[in-house]
Amino acid sequence: MNPPRTLFLLLVALLVLCFGLAAGLLPRFRALEKGRHQSGNFFILLLGDSSRIFANSAFDEADAYYHSGYYPTIYDNKAAFETPHIAEDTGAVASHNQGEETAFMGPPRDWIDAFGRNFIPNRHTHLDEGGASGDLSGSHEVEEILPWLKLSAELDPDNVRTYVVTAFWLTHLNQIPLAELVLRQGMQNIPDNPQLLFELGRIYFENYHDSTRARNIWEAALRDWEKQTGDAPLSEKLKLDNAHYDSRFIYEQLQANLALLEEDAGNYDAAIARWNLDKLASPNPDNVQKHIDDLKQKQTAH
Amino acid sequence: MNNVFAVSGIVIKELYRRKDFYVLFILTIVICLVMASVNIYNDNQIIRYLKELCLLLIWVSSLVIAITTTARQIPAEREQRTLLPLLAKPLSRTQLIFGKFLGCWLACGLMLICFYVFFGALAASREHAWPLLNYFQAAFLHWMTLGVVIAFTLLGSLVFAAPSSNSTICFVIVAAILCVGRYLDVVALSRPEPVRSIIWAVYYAIPHLEIPFEMRNLIVHDWPLVDWKFIALDALYLLAYTAAFLVAACLVFRRKAVN
C-alpha cells in the first residue's frame with residue numbers, strides 16, 4: 001500500500017468526520033441557545049429548579065419589608081396575604097386576598113404570646129404610607145423592598161410578576177428609565193407576555209405621555225393575549241373560574257385602558273366597542289354598562 | 001466575691017487571646033461590606049437588608065462564641081489537671097461556677113459592644129441617624145439572652161462527657177427555641193394527647209429566647225422604642241432562667257468527682 005495515498009485517504013476521512021460532527025452538533029447547540037441565558041445565571045446553576053422556591057421566598061420577604069416586618073408566618077392565618085400586597089397595589093396583578101389583613105395574629109394565645117407581641121412589629125403599615133413611623137415624608141422608604149425583588153428576579157428570571165412589581169415600584173420612586181429597563185429585561189426572558197407589555201404601555205401612557213406608543217403596545221399585548229389563550233371562543237377564555245382568573249384580569253385591564261385612550265381621542269364608537277369587550281371580563285359589568293350608556297349619551301349630544 | 005472576679009478575669013483574658021472572636025468579627029465586617037457594595041438599581045440609601053444581615057450575623061457569631069467558650073471551661077480545667085489545684089485554694093465549687101459564668105458573660109458583653117458599634121456605624125453610614133436607645137435595648141436583651149445560653153452550656157459541660165457533644169446539643173436546643181419556640185403552643189393544638197400535653201409542658205418550661213431574637217425586626221424596620229417596662233420584665237424573665245441553670249450547675253458540680 002502506498003503510504004502517501006493512505007495518509008491522504010485518512011485525511012479525507014477525518015475531514016468527512018469533522019464535517020459530519022459539525023453538521024450533527026450545530027442544530028443541538030442552537031437548541032441549547034435558548035436556555036443559555038439561564039445557564040449563565042449563577043443562582044440557577046447552583047440551585048437548579050429549587051431556585052424558584054427561593055425566588056418566591058425572596059418575593060414574600062419584599063412584601064414583609066413593605067409591611068415593616070408585620071407579616072404572617074407559616075403558623076399564622078395567611079388568607080389576607082395570599083397575593084402579596086406589593087403586587088396587589090400595582091393594580092396589574094389579580095388579588096386573591098380575603099379577610100382582615102390587620103388581624104392575622106388573632107387574640108393572644110397565652111401570656112407568653114401576649115408578652116412576646118411587645119417585641120415584634122404589631123401594627124399593619126405600608127412603607128409607601130410612611131411605614132412604622134407613619135411619617136408620610138418617608139414614603140421613599142419603599143425602596144427597601146428592591147433588594148429582595150432584584151434577588152427574586154435573579155433566582156427566577158421567568159416570573160412575570162417580579163418584573164411587573166419591580167417596574168411599578170421603580171415608577172413610584174420616579175425611576176422611570178429603570179422601570180422601563182426592568183420590563184424590557186423581563187421581555188427578553190419572557191417574550192410576548194401581555195402583562196409585561198401592559199405595564200410597558202402604562203409607563204408610556206402615564207409617565208412619557210405618549211398615547212400613540214401606549215396604544216400600539218397595548219394592542220400588541222392584546223394580540224399576544226389572544227395567541228396565548230388559543231383558539232377557544234372569547235366567552236370560554238373569559239370564563240368565571242380560578243383557572244382563568246389572571247387571564248381575565250389582564251384582558252379587562254387592557255380593554256379598559258384602550259377604551260379610555262379612545263375616549264380621550266374622541267373616538268366614541270371605538271371606545272364603546274372596547275368597553276363592551278371589557279364588560280365580558282369585568283367583575284362589575286353593571287358599572288361598565290352604565291359607563292357605556294353615559295358614553296352613548298355623550299355621543300348623541302355631540 | 002473577689003475569688004469570683006479573679007476567675008472571671010482569667011476567662012476574659014482567655015477570650016481575647018483566642019482567635020474565635022477576631023475571625024467572626026472580621027468575617028461579619030467583610031460579608032456586610034461585600035453586601036453593601038452590591039448595586040441595587042443605583043440606589044445608595046437602601047439599608048434594611050444590610051441591617052437584617054448584620055444583626056443575623058451578630059446573633060450567630062455571639063451564640064457560637066458564647067457556647068464554644070463556655071463549653072470548654074470546666075472540661076479544659078479537668079484535662080489540664082488545674083481543677084484540683086484551683087479548688088485546693090480558698091475557692092469553693094460554687095465560686096468557680098459563678099466565676100466561669102461571669103467571665104464568659106462579661107466577655108460576651110465586650111464582644112457585643114464591638115459588634116453593635118460596627119452595626120451602628122454601618123446603619124448610620126446610609127441612614128444618617130443614631131437611634132442609640134433602640135440599639136441599647138436590642139444589645140441589652142441580647143446580652144441577657146447570652147446569659148441564659150452561657151448558664152445552660154455551663155450546666156451541660158458538667159452533664160455531658162465532651163465539650164463537642166455539649167456544644168452540639170446546646171446549639172440544637174438554642175436554634176430550636178429561636179426558630180419554633182414561639183409557635184410550640186400552635187403545634188401542640190394540632191397533636192393528639194399525650195403529645196399535646198408534652199409539647200405544652202415544653203412550651204411553658206423553655207426559656208423563650210426568641211423574644212429578644214425577634215426584636216431584630218423592630219431595629220431593622222425602624223420601629224419606635226419598646227416600653228422600658230417590658231424590657232425590664234424580659235430581663236427579669238431571662239435572669240430567672242440564668243439563675244435556675246446556675247443553681248442546677250452548682251448542684252451538679254457539688255456532687256461531681258473532680259479527678
# chains A, B, ... in the order shown; residues from 1 in each chain; ligands from 1
$ select_by_dssp --residues "range 175-239 of chain B" --states "alpha helix (DSSP H)" --output "ChimeraX atom specification"
/B:175-180,184-189,195-205,210-214,216-220,228-239
$ interface_residues --of "chain A" --to "chain B" --cutoff "8 Å" --atoms "only C-alpha atoms" --output "tab-separated table (two decimals) with all heavy atoms, in the first residue's frame"
chain	number	residue	atom	x	y	z
A	65	TYR	N	-41.04	43.33	54.06
A	65	TYR	CA	-40.38	44.63	54.22
A	65	TYR	C	-41.38	45.76	53.97
A	65	TYR	O	-41.33	46.79	54.63
A	65	TYR	CB	-39.20	44.76	53.25
A	65	TYR	CG	-37.89	44.27	53.83
A	65	TYR	CD1	-37.81	43.07	54.51
A	65	TYR	CD2	-36.74	45.02	53.69
A	65	TYR	CE1	-36.62	42.62	55.04
A	65	TYR	CE2	-35.53	44.58	54.22
A	65	TYR	CZ	-35.48	43.38	54.89
A	65	TYR	OH	-34.29	42.94	55.42
A	68	SER	N	-43.03	46.50	56.96
A	68	SER	CA	-42.07	46.76	58.05
A	68	SER	C	-42.00	45.59	59.03
A	68	SER	O	-41.95	45.78	60.25
A	68	SER	CB	-42.43	48.04	58.80
A	68	SER	OG	-42.34	49.13	57.94
A	69	GLY	N	-42.03	44.39	58.51
A	69	GLY	CA	-41.86	43.20	59.36
A	69	GLY	C	-43.15	42.64	59.92
A	69	GLY	O	-43.15	41.55	60.49
A	75	TYR	N	-47.28	29.68	60.52
A	75	TYR	CA	-48.20	29.27	61.58
A	75	TYR	C	-49.40	30.21	61.68
A	75	TYR	O	-50.33	29.94	62.43
A	75	TYR	CB	-47.47	29.26	62.93
A	75	TYR	CG	-46.32	28.28	62.96
A	75	TYR	CD1	-45.01	28.71	62.82
A	75	TYR	CD2	-46.54	26.91	63.12
A	75	TYR	CE1	-43.95	27.82	62.85
A	75	TYR	CE2	-45.48	26.01	63.13
A	75	TYR	CZ	-44.20	26.48	63.01
A	75	TYR	OH	-43.15	25.60	63.02
A	113	ASP	N	-47.33	34.57	74.60
A	113	ASP	CA	-47.62	35.17	73.29
A	113	ASP	C	-47.95	36.65	73.45
A	113	ASP	O	-47.46	37.50	72.69
A	113	ASP	CB	-48.78	34.41	72.64
A	113	ASP	CG	-49.05	34.88	71.23
A	113	ASP	OD1	-48.07	35.16	70.51
A	113	ASP	OD2	-50.23	34.97	70.84
A	115	PHE	N	-47.06	38.69	75.83
A	115	PHE	CA	-45.85	39.42	76.22
A	115	PHE	C	-44.92	39.57	75.01
A	115	PHE	O	-44.39	40.66	74.75
A	115	PHE	CB	-45.16	38.68	77.36
A	115	PHE	CG	-43.91	39.36	77.85
A	115	PHE	CD1	-43.98	40.60	78.46
A	115	PHE	CD2	-42.67	38.75	77.70
A	115	PHE	CE1	-42.82	41.23	78.90
A	115	PHE	CE2	-41.52	39.38	78.15
A	115	PHE	CZ	-41.59	40.62	78.75
A	116	GLY	N	-44.76	38.49	74.26
A	116	GLY	CA	-43.86	38.49	73.10
A	116	GLY	C	-44.27	39.49	72.02
A	116	GLY	O	-43.42	40.00	71.28
A	118	ASN	N	-45.03	42.44	72.32
A	118	ASN	CA	-44.46	43.78	72.56
A	118	ASN	C	-43.09	43.92	71.91
A	118	ASN	O	-42.55	45.02	71.84
A	118	ASN	CB	-44.33	44.03	74.07
A	118	ASN	CG	-45.68	44.09	74.73
A	118	ASN	OD1	-46.50	44.94	74.41
A	118	ASN	ND2	-45.93	43.15	75.63
A	119	PHE	N	-42.52	42.81	71.45
A	119	PHE	CA	-41.16	42.83	70.91
A	119	PHE	C	-41.12	42.53	69.41
A	119	PHE	O	-40.06	42.28	68.86
A	119	PHE	CB	-40.29	41.81	71.66
A	119	PHE	CG	-40.14	42.12	73.11
A	119	PHE	CD1	-41.07	41.67	74.02
A	119	PHE	CD2	-39.09	42.89	73.56
A	119	PHE	CE1	-40.94	41.96	75.37
A	119	PHE	CE2	-38.95	43.19	74.90
A	119	PHE	CZ	-39.89	42.72	75.81
A	120	ILE	N	-42.28	42.51	68.78
A	120	ILE	CA	-42.33	42.28	67.33
A	120	ILE	C	-43.21	43.36	66.70
A	120	ILE	O	-44.03	43.96	67.40
A	120	ILE	CB	-42.88	40.87	66.97
A	120	ILE	CG1	-44.22	40.62	67.66
A	120	ILE	CG2	-41.89	39.78	67.33
A	120	ILE	CD1	-44.93	39.37	67.19
A	121	PRO	N	-43.04	43.60	65.40
A	121	PRO	CA	-43.93	44.57	64.75
A	121	PRO	C	-45.38	44.11	64.93
A	121	PRO	O	-45.70	42.97	64.64
A	121	PRO	CB	-43.51	44.51	63.28
A	121	PRO	CG	-42.10	44.04	63.32
A	121	PRO	CD	-42.03	43.09	64.48
A	132	ALA	N	-43.47	52.20	59.64
A	132	ALA	CA	-43.68	52.09	61.09
A	132	ALA	C	-43.78	53.46	61.75
A	132	ALA	O	-44.49	53.64	62.73
A	132	ALA	CB	-42.54	51.30	61.70
A	133	SER	N	-43.04	54.46	61.21
A	133	SER	CA	-43.06	55.79	61.82
A	133	SER	C	-44.34	56.54	61.49
A	133	SER	O	-44.74	57.46	62.20
A	133	SER	CB	-41.85	56.59	61.33
A	133	SER	OG	-41.98	56.82	59.95
A	143	GLU	N	-38.27	51.92	48.76
A	143	GLU	CA	-37.09	51.42	48.03
A	143	GLU	C	-36.46	50.22	48.74
A	143	GLU	O	-35.72	49.45	48.13
A	143	GLU	CB	-36.06	52.54	47.89
A	143	GLU	CG	-35.38	52.90	49.22
A	143	GLU	CD	-34.73	54.25	49.26
A	143	GLU	OE1	-34.71	54.93	48.22
A	143	GLU	OE2	-34.27	54.64	50.36
A	144	GLU	N	-36.77	50.07	50.04
A	144	GLU	CA	-36.18	48.96	50.81
A	144	GLU	C	-36.62	47.59	50.31
A	144	GLU	O	-36.00	46.58	50.64
A	144	GLU	CB	-36.53	49.10	52.30
A	144	GLU	CG	-36.00	50.36	52.96
A	144	GLU	CD	-34.50	50.36	53.14
A	144	GLU	OE1	-33.89	49.30	52.94
A	144	GLU	OE2	-33.94	51.42	53.46
A	146	LEU	N	-36.64	46.77	47.20
A	146	LEU	CA	-35.98	46.49	45.91
A	146	LEU	C	-34.91	45.38	45.95
A	146	LEU	O	-34.85	44.57	45.02
A	146	LEU	CB	-35.39	47.77	45.32
A	146	LEU	CG	-36.44	48.82	44.89
A	146	LEU	CD1	-35.75	50.09	44.43
A	146	LEU	CD2	-37.33	48.27	43.79
A	147	PRO	N	-34.07	45.31	47.02
A	147	PRO	CA	-33.07	44.22	47.00
A	147	PRO	C	-33.70	42.85	46.88
A	147	PRO	O	-33.18	41.97	46.18
A	147	PRO	CB	-32.36	44.37	48.35
A	147	PRO	CG	-32.64	45.73	48.81
A	147	PRO	CD	-33.93	46.16	48.20
A	150	LYS	N	-35.02	42.27	43.37
A	150	LYS	CA	-33.90	42.00	42.46
A	150	LYS	C	-33.43	40.56	42.62
A	150	LYS	O	-33.18	39.86	41.64
A	150	LYS	CB	-32.76	42.98	42.76
A	150	LYS	CG	-31.67	43.00	41.71
A	150	LYS	CD	-30.61	44.02	42.07
A	150	LYS	CE	-29.36	43.82	41.27
A	150	LYS	NZ	-29.22	44.59	40.10
A	178	LEU	N	-35.36	53.26	34.64
A	178	LEU	CA	-35.00	51.96	35.24
A	178	LEU	C	-36.19	51.00	35.18
A	178	LEU	O	-36.01	49.81	34.92
A	178	LEU	CB	-34.59	52.16	36.70
A	178	LEU	CG	-33.11	52.39	36.96
A	178	LEU	CD1	-32.87	52.64	38.44
A	178	LEU	CD2	-32.31	51.17	36.52
$ closest_residue --among "B:Ser125, B:Ser8, B:Thr94, B:Thr153" --to "Leu251 in chain B" --atoms "only C-alpha atoms"
B:Thr94
$ residues_around --residues "range 15-31 of chain B" --least-positions-apart "5" --cutoff "12 Å" --atoms "only C-alpha atoms" --output "number ranges by chain"
B: 8-10, 36-38, 50-51, 53-70, 72-73, 100, 103-119, 121-122
$ write_last_selection --atoms "N, CA and C atoms" --output "compact mmCIF listing (two decimals), in the first residue's frame"
# COMPACT_ATOMS: atom_id res chain seq x y z
N SER B 8 -13.26 35.05 86.80
CA SER B 8 -13.86 35.65 85.60
C SER B 8 -12.83 36.44 84.79
N GLY B 9 -11.88 37.07 85.51
CA GLY B 9 -10.83 37.82 84.81
C GLY B 9 -9.99 36.92 83.91
N ILE B 10 -9.72 35.72 84.41
CA ILE B 10 -8.92 34.76 83.62
C ILE B 10 -9.70 34.35 82.37
N ALA B 36 -22.89 45.36 51.04
CA ALA B 36 -23.16 46.80 50.89
C ALA B 36 -22.70 47.31 49.53
N SER B 37 -21.73 46.61 48.94
CA SER B 37 -21.20 47.09 47.65
C SER B 37 -22.07 46.67 46.47
N VAL B 38 -23.10 45.85 46.73
CA VAL B 38 -23.98 45.41 45.63
C VAL B 38 -24.80 46.60 45.14
N LEU B 50 -29.25 45.14 54.70
CA LEU B 50 -27.92 45.06 55.32
C LEU B 50 -28.02 44.97 56.83
N LYS B 51 -28.96 45.75 57.39
CA LYS B 51 -29.14 45.73 58.85
C LYS B 51 -29.60 44.33 59.28
N LEU B 53 -29.10 41.45 57.73
CA LEU B 53 -27.99 40.51 57.58
C LEU B 53 -26.98 40.68 58.70
N CYS B 54 -26.64 41.94 59.00
CA CYS B 54 -25.63 42.22 60.02
C CYS B 54 -26.11 41.73 61.38
N LEU B 55 -27.37 42.00 61.72
CA LEU B 55 -27.89 41.55 63.01
C LEU B 55 -27.92 40.02 63.11
N LEU B 56 -28.27 39.39 62.00
CA LEU B 56 -28.30 37.91 61.99
C LEU B 56 -26.89 37.36 62.23
N LEU B 57 -25.90 37.97 61.54
CA LEU B 57 -24.51 37.52 61.73
C LEU B 57 -24.03 37.76 63.15
N ILE B 58 -24.48 38.89 63.73
CA ILE B 58 -24.10 39.19 65.11
C ILE B 58 -24.67 38.12 66.05
N TRP B 59 -25.94 37.77 65.83
CA TRP B 59 -26.57 36.75 66.69
C TRP B 59 -25.86 35.40 66.54
N VAL B 60 -25.60 35.02 65.29
CA VAL B 60 -24.94 33.72 65.07
C VAL B 60 -23.54 33.72 65.70
N SER B 61 -22.78 34.78 65.44
CA SER B 61 -21.41 34.86 65.97
C SER B 61 -21.43 34.83 67.49
N SER B 62 -22.34 35.60 68.09
CA SER B 62 -22.36 35.68 69.55
C SER B 62 -22.72 34.32 70.16
N LEU B 63 -23.65 33.61 69.52
CA LEU B 63 -24.03 32.28 70.04
C LEU B 63 -22.86 31.30 69.90
N VAL B 64 -22.17 31.38 68.75
CA VAL B 64 -21.02 30.49 68.54
C VAL B 64 -19.97 30.74 69.62
N ILE B 65 -19.65 32.02 69.83
CA ILE B 65 -18.61 32.36 70.80
C ILE B 65 -19.05 31.97 72.21
N ALA B 66 -20.29 32.31 72.56
CA ALA B 66 -20.78 32.03 73.92
C ALA B 66 -20.77 30.53 74.20
N ILE B 67 -21.29 29.74 73.28
CA ILE B 67 -21.40 28.30 73.53
C ILE B 67 -20.03 27.63 73.52
N THR B 68 -19.22 27.93 72.50
CA THR B 68 -17.93 27.23 72.41
C THR B 68 -17.00 27.64 73.55
N THR B 69 -17.03 28.92 73.93
CA THR B 69 -16.16 29.37 75.03
C THR B 69 -16.59 28.71 76.34
N THR B 70 -17.89 28.71 76.60
CA THR B 70 -18.37 28.18 77.87
C THR B 70 -18.19 26.66 77.95
N ARG B 72 -16.01 24.69 76.92
CA ARG B 72 -14.68 24.10 77.18
C ARG B 72 -14.11 24.54 78.54
N GLN B 73 -14.79 25.42 79.28
CA GLN B 73 -14.22 25.94 80.52
C GLN B 73 -13.88 24.85 81.53
N LYS B 100 -16.69 31.33 86.40
CA LYS B 100 -16.67 30.93 84.99
C LYS B 100 -17.84 31.60 84.24
N GLY B 103 -17.26 35.38 83.89
CA GLY B 103 -16.21 35.64 82.90
C GLY B 103 -16.73 35.52 81.49
N CYS B 104 -17.44 34.42 81.22
CA CYS B 104 -17.98 34.20 79.87
C CYS B 104 -19.00 35.28 79.53
N TRP B 105 -19.83 35.63 80.52
CA TRP B 105 -20.90 36.60 80.26
C TRP B 105 -20.33 37.99 79.98
N LEU B 106 -19.35 38.39 80.79
CA LEU B 106 -18.73 39.71 80.59
C LEU B 106 -17.96 39.74 79.26
N ALA B 107 -17.27 38.62 78.96
CA ALA B 107 -16.53 38.56 77.69
C ALA B 107 -17.50 38.71 76.52
N CYS B 108 -18.67 38.05 76.63
CA CYS B 108 -19.68 38.17 75.56
C CYS B 108 -20.21 39.60 75.50
N GLY B 109 -20.32 40.24 76.66
CA GLY B 109 -20.77 41.64 76.69
C GLY B 109 -19.81 42.54 75.94
N LEU B 110 -18.49 42.33 76.18
CA LEU B 110 -17.48 43.13 75.48
C LEU B 110 -17.55 42.90 73.97
N MET B 111 -17.74 41.61 73.63
CA MET B 111 -17.83 41.26 72.21
C MET B 111 -19.06 41.94 71.58
N LEU B 112 -20.18 41.93 72.32
CA LEU B 112 -21.40 42.56 71.79
C LEU B 112 -21.22 44.05 71.57
N ILE B 113 -20.46 44.69 72.46
CA ILE B 113 -20.21 46.14 72.29
C ILE B 113 -19.52 46.37 70.93
N CYS B 114 -18.49 45.57 70.64
CA CYS B 114 -17.76 45.72 69.36
C CYS B 114 -18.74 45.51 68.18
N PHE B 115 -19.52 44.44 68.26
CA PHE B 115 -20.43 44.12 67.16
C PHE B 115 -21.48 45.23 66.96
N TYR B 116 -22.08 45.69 68.06
CA TYR B 116 -23.14 46.68 67.93
C TYR B 116 -22.60 48.05 67.51
N VAL B 117 -21.36 48.36 67.90
CA VAL B 117 -20.76 49.62 67.42
C VAL B 117 -20.59 49.55 65.90
N PHE B 118 -20.13 48.39 65.42
CA PHE B 118 -19.99 48.23 63.97
C PHE B 118 -21.38 48.33 63.30
N PHE B 119 -22.37 47.67 63.91
CA PHE B 119 -23.72 47.70 63.35
C PHE B 119 -24.24 49.15 63.28
N ALA B 121 -22.50 51.88 63.17
CA ALA B 121 -21.75 52.64 62.15
C ALA B 121 -22.24 52.30 60.76
N LEU B 122 -22.50 51.02 60.53
CA LEU B 122 -22.98 50.58 59.21
C LEU B 122 -24.35 51.21 58.90
$ closest_residue --among "B:Val4, B:Ala257, B:Ala243, B:Cys250" --to "Pro90 in chain B" --atoms "only C-alpha atoms"
B:Val4
$ residues_around --residues "Arg215 in chain A" --least-positions-apart "3" --cutoff "8 Å" --atoms "only C-alpha atoms" --output "mmCIF file with N, CA, C and O atoms, in the first residue's frame"
data_model
loop_
_atom_site.group_PDB
_atom_site.id
_atom_site.type_symbol
_atom_site.label_atom_id
_atom_site.label_comp_id
_atom_site.auth_asym_id
_atom_site.auth_seq_id
_atom_site.Cartn_x
_atom_site.Cartn_y
_atom_site.Cartn_z
ATOM 1 N N GLY A 201 -46.790 49.654 28.369
ATOM 2 C CA GLY A 201 -47.729 50.631 27.804
ATOM 3 C C GLY A 201 -48.144 51.654 28.845
ATOM 4 O O GLY A 201 -48.272 52.843 28.549
ATOM 5 N N SER A 211 -49.362 58.650 24.012
ATOM 6 C CA SER A 211 -50.569 57.815 23.837
ATOM 7 C C SER A 211 -50.443 56.870 22.654
ATOM 8 O O SER A 211 -50.902 55.728 22.712
ATOM 9 N N THR A 212 -49.826 57.365 21.588
ATOM 10 C CA THR A 212 -49.742 56.551 20.369
ATOM 11 C C THR A 212 -48.941 55.274 20.629
ATOM 12 O O THR A 212 -49.381 54.177 20.278
ATOM 13 N N TRP A 218 -50.267 48.287 23.835
ATOM 14 C CA TRP A 218 -51.428 47.584 24.408
ATOM 15 C C TRP A 218 -52.111 46.701 23.356
ATOM 16 O O TRP A 218 -52.585 45.609 23.676
ATOM 17 N N GLU A 219 -52.156 47.209 22.122
ATOM 18 C CA GLU A 219 -52.758 46.374 21.057
ATOM 19 C C GLU A 219 -51.890 45.127 20.808
ATOM 20 O O GLU A 219 -52.421 44.034 20.593
ATOM 21 N N LEU A 258 -57.412 50.699 26.760
ATOM 22 C CA LEU A 258 -57.569 51.070 25.343
ATOM 23 C C LEU A 258 -58.854 51.877 25.145
ATOM 24 O O LEU A 258 -58.880 52.839 24.370
ATOM 25 N N LEU A 261 -58.237 55.366 26.169
ATOM 26 C CA LEU A 261 -57.458 56.065 25.132
ATOM 27 C C LEU A 261 -58.365 56.545 24.009
ATOM 28 O O LEU A 261 -58.242 57.678 23.528
#
$ atom_distance --atom1 "CA of Asn257 in chain A" --atom2 "CA of Ile272 in chain A"
12.3 Å
$ atom_distance --atom1 "CA of Trp111 in chain A" --atom2 "CA of Ala235 in chain B"
16.1 Å
$ atom_distance --atom1 "CA of Ile74 in chain A" --atom2 "CA of Phe171 in chain B"
23.3 Å
$ closest_residue --among "B:Ala6, B:Leu239, B:Ala176, B:Ala139" --to "Leu91 in chain B" --atoms "only C-alpha atoms"
B:Ala6
$ residues_around --residues "Ile250 in chain A" --least-positions-apart "2" --cutoff "10 Å" --atoms "only C-alpha atoms" --output "count of residues only"
20
$ residues_around --residues "Ala161 in chain B" --least-positions-apart "6" --cutoff "12 Å" --atoms "only C-alpha atoms" --output "list of chain:residue names"
B:Ala71, B:Arg72, B:Ile74, B:Pro75, B:Ala76, B:Arg78, B:Glu79, B:Leu155, B:Ser167, B:Ile169
$ write_last_selection --atoms "N, CA, C and O atoms" --output "PDB file, in the first residue's frame"
ATOM      1  N   ALA B  71     -18.457  25.992  76.823  1.00  0.00           N
ATOM      2  CA  ALA B  71     -18.441  24.522  76.833  1.00  0.00           C
ATOM      3  C   ALA B  71     -17.076  23.956  77.204  1.00  0.00           C
ATOM      4  O   ALA B  71     -16.999  22.854  77.750  1.00  0.00           O
ATOM      5  N   ARG B  72     -16.006  24.685  76.917  1.00  0.00           N
ATOM      6  CA  ARG B  72     -14.680  24.104  77.178  1.00  0.00           C
ATOM      7  C   ARG B  72     -14.106  24.545  78.536  1.00  0.00           C
ATOM      8  O   ARG B  72     -13.016  24.090  78.891  1.00  0.00           O
ATOM      9  N   ILE B  74     -14.871  24.128  82.005  1.00  0.00           N
ATOM     10  CA  ILE B  74     -14.626  23.121  83.052  1.00  0.00           C
ATOM     11  C   ILE B  74     -13.888  21.897  82.486  1.00  0.00           C
ATOM     12  O   ILE B  74     -12.906  21.456  83.093  1.00  0.00           O
ATOM     13  N   PRO B  75     -14.285  21.340  81.322  1.00  0.00           N
ATOM     14  CA  PRO B  75     -13.519  20.208  80.790  1.00  0.00           C
ATOM     15  C   PRO B  75     -12.045  20.542  80.577  1.00  0.00           C
ATOM     16  O   PRO B  75     -11.176  19.701  80.825  1.00  0.00           O
ATOM     17  N   ALA B  76     -11.731  21.768  80.161  1.00  0.00           N
ATOM     18  CA  ALA B  76     -10.327  22.141  79.943  1.00  0.00           C
ATOM     19  C   ALA B  76      -9.561  22.146  81.260  1.00  0.00           C
ATOM     20  O   ALA B  76      -8.408  21.691  81.330  1.00  0.00           O
ATOM     21  N   ARG B  78     -10.226  20.338  83.769  1.00  0.00           N
ATOM     22  CA  ARG B  78     -10.066  18.949  84.186  1.00  0.00           C
ATOM     23  C   ARG B  78      -8.960  18.273  83.376  1.00  0.00           C
ATOM     24  O   ARG B  78      -8.119  17.579  83.928  1.00  0.00           O
ATOM     25  N   GLU B  79      -8.966  18.518  82.059  1.00  0.00           N
ATOM     26  CA  GLU B  79      -7.956  17.889  81.188  1.00  0.00           C
ATOM     27  C   GLU B  79      -6.549  18.373  81.522  1.00  0.00           C
ATOM     28  O   GLU B  79      -5.591  17.591  81.526  1.00  0.00           O
ATOM     29  N   LEU B 155     -24.028  24.272  82.587  1.00  0.00           N
ATOM     30  CA  LEU B 155     -24.686  23.091  83.170  1.00  0.00           C
ATOM     31  C   LEU B 155     -24.423  21.868  82.287  1.00  0.00           C
ATOM     32  O   LEU B 155     -24.102  20.782  82.791  1.00  0.00           O
ATOM     33  N   SER B 167     -21.547  21.250  73.110  1.00  0.00           N
ATOM     34  CA  SER B 167     -21.748  22.377  72.185  1.00  0.00           C
ATOM     35  C   SER B 167     -22.838  22.051  71.176  1.00  0.00           C
ATOM     36  O   SER B 167     -23.734  22.876  70.909  1.00  0.00           O
ATOM     37  N   ILE B 169     -25.305  19.849  71.341  1.00  0.00           N
ATOM     38  CA  ILE B 169     -26.640  19.781  71.953  1.00  0.00           C
ATOM     39  C   ILE B 169     -27.152  21.193  72.272  1.00  0.00           C
ATOM     40  O   ILE B 169     -28.310  21.518  72.004  1.00  0.00           O
TER      41      ILE B 169
END
